[in-house]
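Enquirer: Pasting a structure here, questions to come.
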Amino acid sequence: MSGPLVIVGDSLLDVDVEGTADRLCPDAPVPVVEGQAEHHRPGGAGLAALLAARDGTRVVLITALGDDPSGRCLEDLLSPMVEIVRLPLRGTTVRKSRVRARGQTLVRIDTGDGRAMGRPGQVASASAFARAAGALAAASAVLVADYGRGVADLLREPLRGLDVPLVWDPHPRGSLPVPGCALVTPSEAEARGMCEEPYVSPERTARRLVRDLGAEAVAITLGERGAMLARRGGRFGPVPAPHVASGTDACGAGDRFAAAAALALADGASSEDAVARAVGEATRFVEEGGAAALRLHHSGRYRSGRYRSGQDHSGQDHSGQDHSGQDHSGQYRSGRHCPATEPPVPFGPGASAFDVAGAVRAAGGRLIATGGCFDLLHAGHVSLLRRARALGDALVVCVNSDDSIRRLKGPGRPLVSERDRVEVLRALGCVDAVTVFDEDTPSQVIERLCPDVWVKGGDYDERSMPEAEAVRRTGGEIVILPTVPGYSTTDLIAAARAAS
């Protein structure tokens, strides 16, 4: 990608009020939710932009934001990670609040009536329109995340005839996509409403929409069934999910799908490969907890369901900011306009793995642990660690010592010493502590840590896991997360040796 991914659409503020519901209201047959935490995150096009930026992509978001508390909170959440081209908004920023208990949404309350200011094809601010047109001209790909609040309508003309891939994620209250889209990504319900003929099947509807919309391809998203893809020329077929996602909250999965597809097309992928990649990313997103796992914690850092103090485990302070808004640990600080949420798990800088475990238990939290050699840290490892961290309140990584690896893998390993492997792991924002074990298996360290969840990659099963009995004996559960295809330390070593 030479230019940024440009996302055009309506941004909302999503709020999750999390609590417990153990009794009914005495004057009505409704549950009483005792709120314990409130989480704020971008929604709509803002969520799509945030998810794309988390992949390390440069993202420009063209959206309308109000000068009100919700609009300022949105800007605080997005601006450190995303370049914002701000259009004027008439009315107040839309805020969608979910009240949840034990992971289940009980009710959603929508407030705000904001719409992008201007008439179709004419933005109220000439300077904002010029900035938006300039961003579109420099894009490697464009994603329209239409939530029916007018941004896409205002920029309809500049969106026509782009010479880069255009992905359009439609909304029932929005306009139809412009002709010539590389990919249109409606849900099954949205596709029903867009098609003029009676709904028969995803295959038939996708093929009809390709013709009606003048699109190169249409992918109807089908939840855990994956997607149905139809392409110009009559070709069509299902794109199944790699497996059934274990998560229950699919909020934001459509935004993850559309953003992943746009990024893939920007990298030159075919529509088939882009949709397959998008299905896989959306599946993983739901497994990791969906949008509910994206939280702004009291420390002011925007993280994915995790807390870390302003200092790392070497005791060095990393709470400062440079002029880009990025702190020295690679994470981002929010501004002052978003309310604080739940207090963090109270473990201090330099805490050992066992100090972290004790602090998490004392706070009633959920301790996650995983283990391995981590000889050459690669993207597959990082993906696994991020997803593991999203399962609880702290992640401890148990690392084989140099002697342990030599016994397991032979005299040529490890390539990286245990001291360096520990330092690299400690530098990751998703890792809260690292401990080294010298035995052939992590069973002894598991019995000391007593994690609530022990995580391993998908190339294991419990029967082949020698530490499984130790996990069960200490009352923990084993979670096996799917690995990212194409990443292997052994293959990396073989490729490096072949190249030399």
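By order in the structure tokens, chains are A, B, ...; within a chain, residues start at 1; ligands start at 1, following the order shown.
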What parts of stretch 87-288 of chain A does DSSP call strand (DSSP E or B)? I'd like the answer as a ChimeraX atom specification.
Expert: /A:87,89-90,95-101,104-111,115-116,118-119,122-123,141-145,166-169,183-184,187,217-221,227-231,236-239
Enquirer: Next, dump the selected residues to file, keeping only C-alpha atoms, as a short mmCIF file (atom, residue, chain, number, x, y, z; two decimals), in the first residue's frame.
Expert:
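That gives us out-v4.cif:
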data_model
loop_
_atom_site.label_atom_id
_atom_site.label_comp_id
_atom_site.auth_asym_id
_atom_site.auth_seq_id
_atom_site.Cartn_x
_atom_site.Cartn_y
_atom_site.Cartn_z
CA LEU A 87 -17.07 17.38 8.47
CA LEU A 89 -22.55 17.80 11.97
CA ARG A 90 -26.08 19.14 12.40
CA ARG A 95 -24.66 7.54 21.14
CA LYS A 96 -25.67 3.88 21.44
CA SER A 97 -25.63 2.53 24.98
CA ARG A 98 -25.92 -1.18 25.74
CA VAL A 99 -26.79 -2.35 29.23
CA ARG A 100 -25.17 -5.73 29.78
CA ALA A 101 -25.07 -8.31 32.55
CA GLN A 104 -25.55 -10.57 27.73
CA THR A 105 -27.09 -7.39 26.32
CA LEU A 106 -30.39 -6.61 28.05
CA VAL A 107 -31.34 -3.35 26.33
CA ARG A 108 -29.87 -0.76 23.96
CA ILE A 109 -30.66 2.94 24.30
CA ASP A 110 -29.97 5.21 21.31
CA THR A 111 -29.69 8.98 21.69
CA ARG A 115 -26.50 14.13 10.45
CA ALA A 116 -23.69 15.37 8.27
CA GLY A 118 -24.98 19.88 3.77
CA ARG A 119 -26.95 18.73 0.76
CA GLN A 122 -22.34 19.54 -1.31
CA VAL A 123 -20.53 19.66 2.02
CA ALA A 141 -8.34 1.88 -1.19
CA VAL A 142 -11.58 3.41 0.07
CA LEU A 143 -14.13 1.90 2.43
CA VAL A 144 -17.57 3.47 2.75
CA ALA A 145 -19.00 2.50 6.16
CA LEU A 166 -13.91 0.91 -3.39
CA VAL A 167 -15.61 -1.26 -0.78
CA TRP A 168 -19.13 -0.25 0.27
CA ASP A 169 -20.67 -1.51 3.52
CA LEU A 183 -16.94 -5.07 -3.43
CA VAL A 184 -20.27 -4.46 -1.67
CA SER A 187 -25.48 -8.54 5.73
CA ALA A 217 -18.46 -8.30 -6.59
CA VAL A 218 -20.97 -8.63 -3.77
CA ALA A 219 -20.25 -10.56 -0.55
CA ILE A 220 -23.30 -11.19 1.63
CA THR A 221 -22.12 -11.82 5.17
CA ALA A 227 -20.15 -15.25 3.32
CA MET A 228 -21.67 -15.77 -0.12
CA LEU A 229 -19.61 -14.16 -2.87
CA ALA A 230 -20.85 -13.35 -6.35
CA ARG A 231 -18.67 -11.77 -9.01
CA PHE A 236 -20.43 -17.22 -7.32
CA GLY A 237 -19.78 -19.47 -4.36
CA PRO A 238 -19.73 -19.70 -0.57
CA VAL A 239 -16.75 -18.57 1.50
#
Enquirer: Among stretch 12-231 of chain A, which ones does DSSP place in helix (DSSP H, G or I), written as a PyMOL selection string?
Expert: chain A and resi 45-54+69-78+126-137+151-154+156-159+188-194+202-213+223-225
Enquirer: So that I can check the surroundings of A:Leu13, please list as an NGL selection string every protein, DNA and RNA residue that reaches within 12 Å of it, counting only C-alpha atoms and ignoring chain neighbours fewer than 2 positions away.
Expert: :A and (10-11 or 15-16 or 39-47 or 65-66 or 68-78 or 92-98 or 109-112 or 114 or 338)
Enquirer: Need the shell around A:Val59: protein/DNA/RNA residues with any atom at most 12 Å away, counting only C-alpha atoms. Skip same-chain ones fewer than 3 positions apart. Format as JSON, numbers by chain?
Expert: {"A": [1, 2, 3, 4, 5, 6, 7, 8, 45, 46, 47, 48, 49, 50, 51, 52, 53, 54, 55, 56, 62, 78, 79, 80, 81, 82, 83, 84, 85, 135, 136, 138, 139, 140, 141, 142, 143, 259, 262, 263]}
Enquirer: Ranking A:Leu376, A:Ala494, A:Val279, A:Gly214 by minimum distance to A:His243 and counting only C-alpha atoms, which one comes first?
Expert: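 With only C-alpha atoms as the atom set, the closest residue is A:Val279.
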Enquirer: Which of these residues is nearest to A:Ala182, using only C-alpha atoms: A:Asp67, A:Glu418, A:Asp163, A:Glu477?
Expert: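 For A:Ala182, the nearest of the given residues is A:Asp163.
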Enquirer: What does the distance between atom CA of A:Glu447 and atom CA of A:Thr474 come to in Å, to one decimal place?
Expert: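 Atom CA of A:Glu447 sits 6.3 Å away from atom CA of A:Thr474.
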Enquirer: Mind checking which residues fall within 8 Å of A:Ser404, counting only C-alpha atoms, ignoring those fewer than 6 positions away in the same chain, and posting them as a ChimeraX atom specification?
Expert: /A:437-440
Enquirer: Any chance you could export the current selection's N, CA, C and O atoms as a PDB file, in the first residue's frame?
Expert:
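Here's the written file out-v5.pdb:
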ATOM      1  N   PHE A 437      10.908 -21.012  33.037  1.00  0.00           N
ATOM      2  CA  PHE A 437      10.956 -22.298  33.741  1.00  0.00           C
ATOM      3  C   PHE A 437      12.015 -23.181  33.091  1.00  0.00           C
ATOM      4  O   PHE A 437      12.252 -23.129  31.883  1.00  0.00           O
ATOM      5  N   ASP A 438      12.657 -23.997  33.911  1.00  0.00           N
ATOM      6  CA  ASP A 438      13.790 -24.801  33.441  1.00  0.00           C
ATOM      7  C   ASP A 438      13.414 -26.246  33.173  1.00  0.00           C
ATOM      8  O   ASP A 438      14.208 -27.010  32.633  1.00  0.00           O
ATOM      9  N   GLU A 439      12.194 -26.647  33.548  1.00  0.00           N
ATOM     10  CA  GLU A 439      11.767 -28.026  33.347  1.00  0.00           C
ATOM     11  C   GLU A 439      11.383 -28.248  31.875  1.00  0.00           C
ATOM     12  O   GLU A 439      11.295 -27.303  31.089  1.00  0.00           O
ATOM     13  N   ASP A 440      11.091 -29.481  31.526  1.00  0.00           N
ATOM     14  CA  ASP A 440      10.685 -29.779  30.153  1.00  0.00           C
ATOM     15  C   ASP A 440       9.256 -29.342  29.873  1.00  0.00           C
ATOM     16  O   ASP A 440       8.887 -29.114  28.723  1.00  0.00           O
TER      17      ASP A 440
END
Enquirer: Atom CA of A:Thr441 and atom CA of A:Arg366 are how many Å apart?
Expert: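 Between atom CA of A:Thr441 and atom CA of A:Arg366 the gap works out to 22.9 Å.
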Enquirer: What is the atom CA of A:Ala269 to atom CA of A:Pro202 distance in Å?
Expert: 23.3 Å
